[in-house]
Amino acid sequence: MAAGLVNKFFIASMLMWIAPLAILYGFNHNLLPGLTNISPHAMTLVSGFVAVISVNIVIAFYVYMAMKEPTDKHEPDPKILANAKASVNRPKGESPASVGSLKKQE
């Protein structure tokens, strides 16, 4: 299960680097048809926006895949749970040491 998570993370990380660079390369080297007649300034803006959108799409895809990941129901340790409940129910002025010493005296 952990290997699958690492693979998904690796693929998403690589796509976050490759997709924007490929988009910028495609725009700057006129590989996309129909974009030869716009100004260089507009070309830079459009390529930057499309590259940023591509990264956001990759992030959204990774979050979607992470949300689909099966989760195992985690059961807390009963001893830790009992100590946590006791600390919540303890009056504010008492310290854990004084509670322990009172129990020893009884």
# chains A, B, ... in the order shown; residues from 1 in each chain; ligands from 1
>>> select_by_dssp(residues="chain A", states="alpha helix (DSSP H)", output="ChimeraX atom specification")
/A:2-28,40-68,78-89,96-105
>>> residues_around(residues="stretch 52-57 of chain A", least_positions_apart="6", cutoff="12 Å", atoms="only C-alpha atoms", output="list of chain:residue names")
A:Ala12, A:Ser13, A:Met14, A:Leu15, A:Met16, A:Trp17, A:Ile18, A:Ala19, A:Pro20, A:Leu21, A:Ala22, A:Ile23, A:Leu24, A:Leu45, A:Val46, A:Val63, A:Tyr64
>>> residues_around(residues="A:Met65", least_positions_apart="6", cutoff="10 Å", atoms="only C-alpha atoms", output="list of chain:residue names")
A:Leu5, A:Lys8, A:Phe9, A:Ile59
>>> closest_residue(among="A:Val50, A:Leu81, A:Ala86, A:Val58", to="A:Ile11", atoms="only C-alpha atoms")
A:Val58
>>> atom_distance(atom1="atom CA of A:Ala66", atom2="atom CA of A:Ala3")
13.5 Å
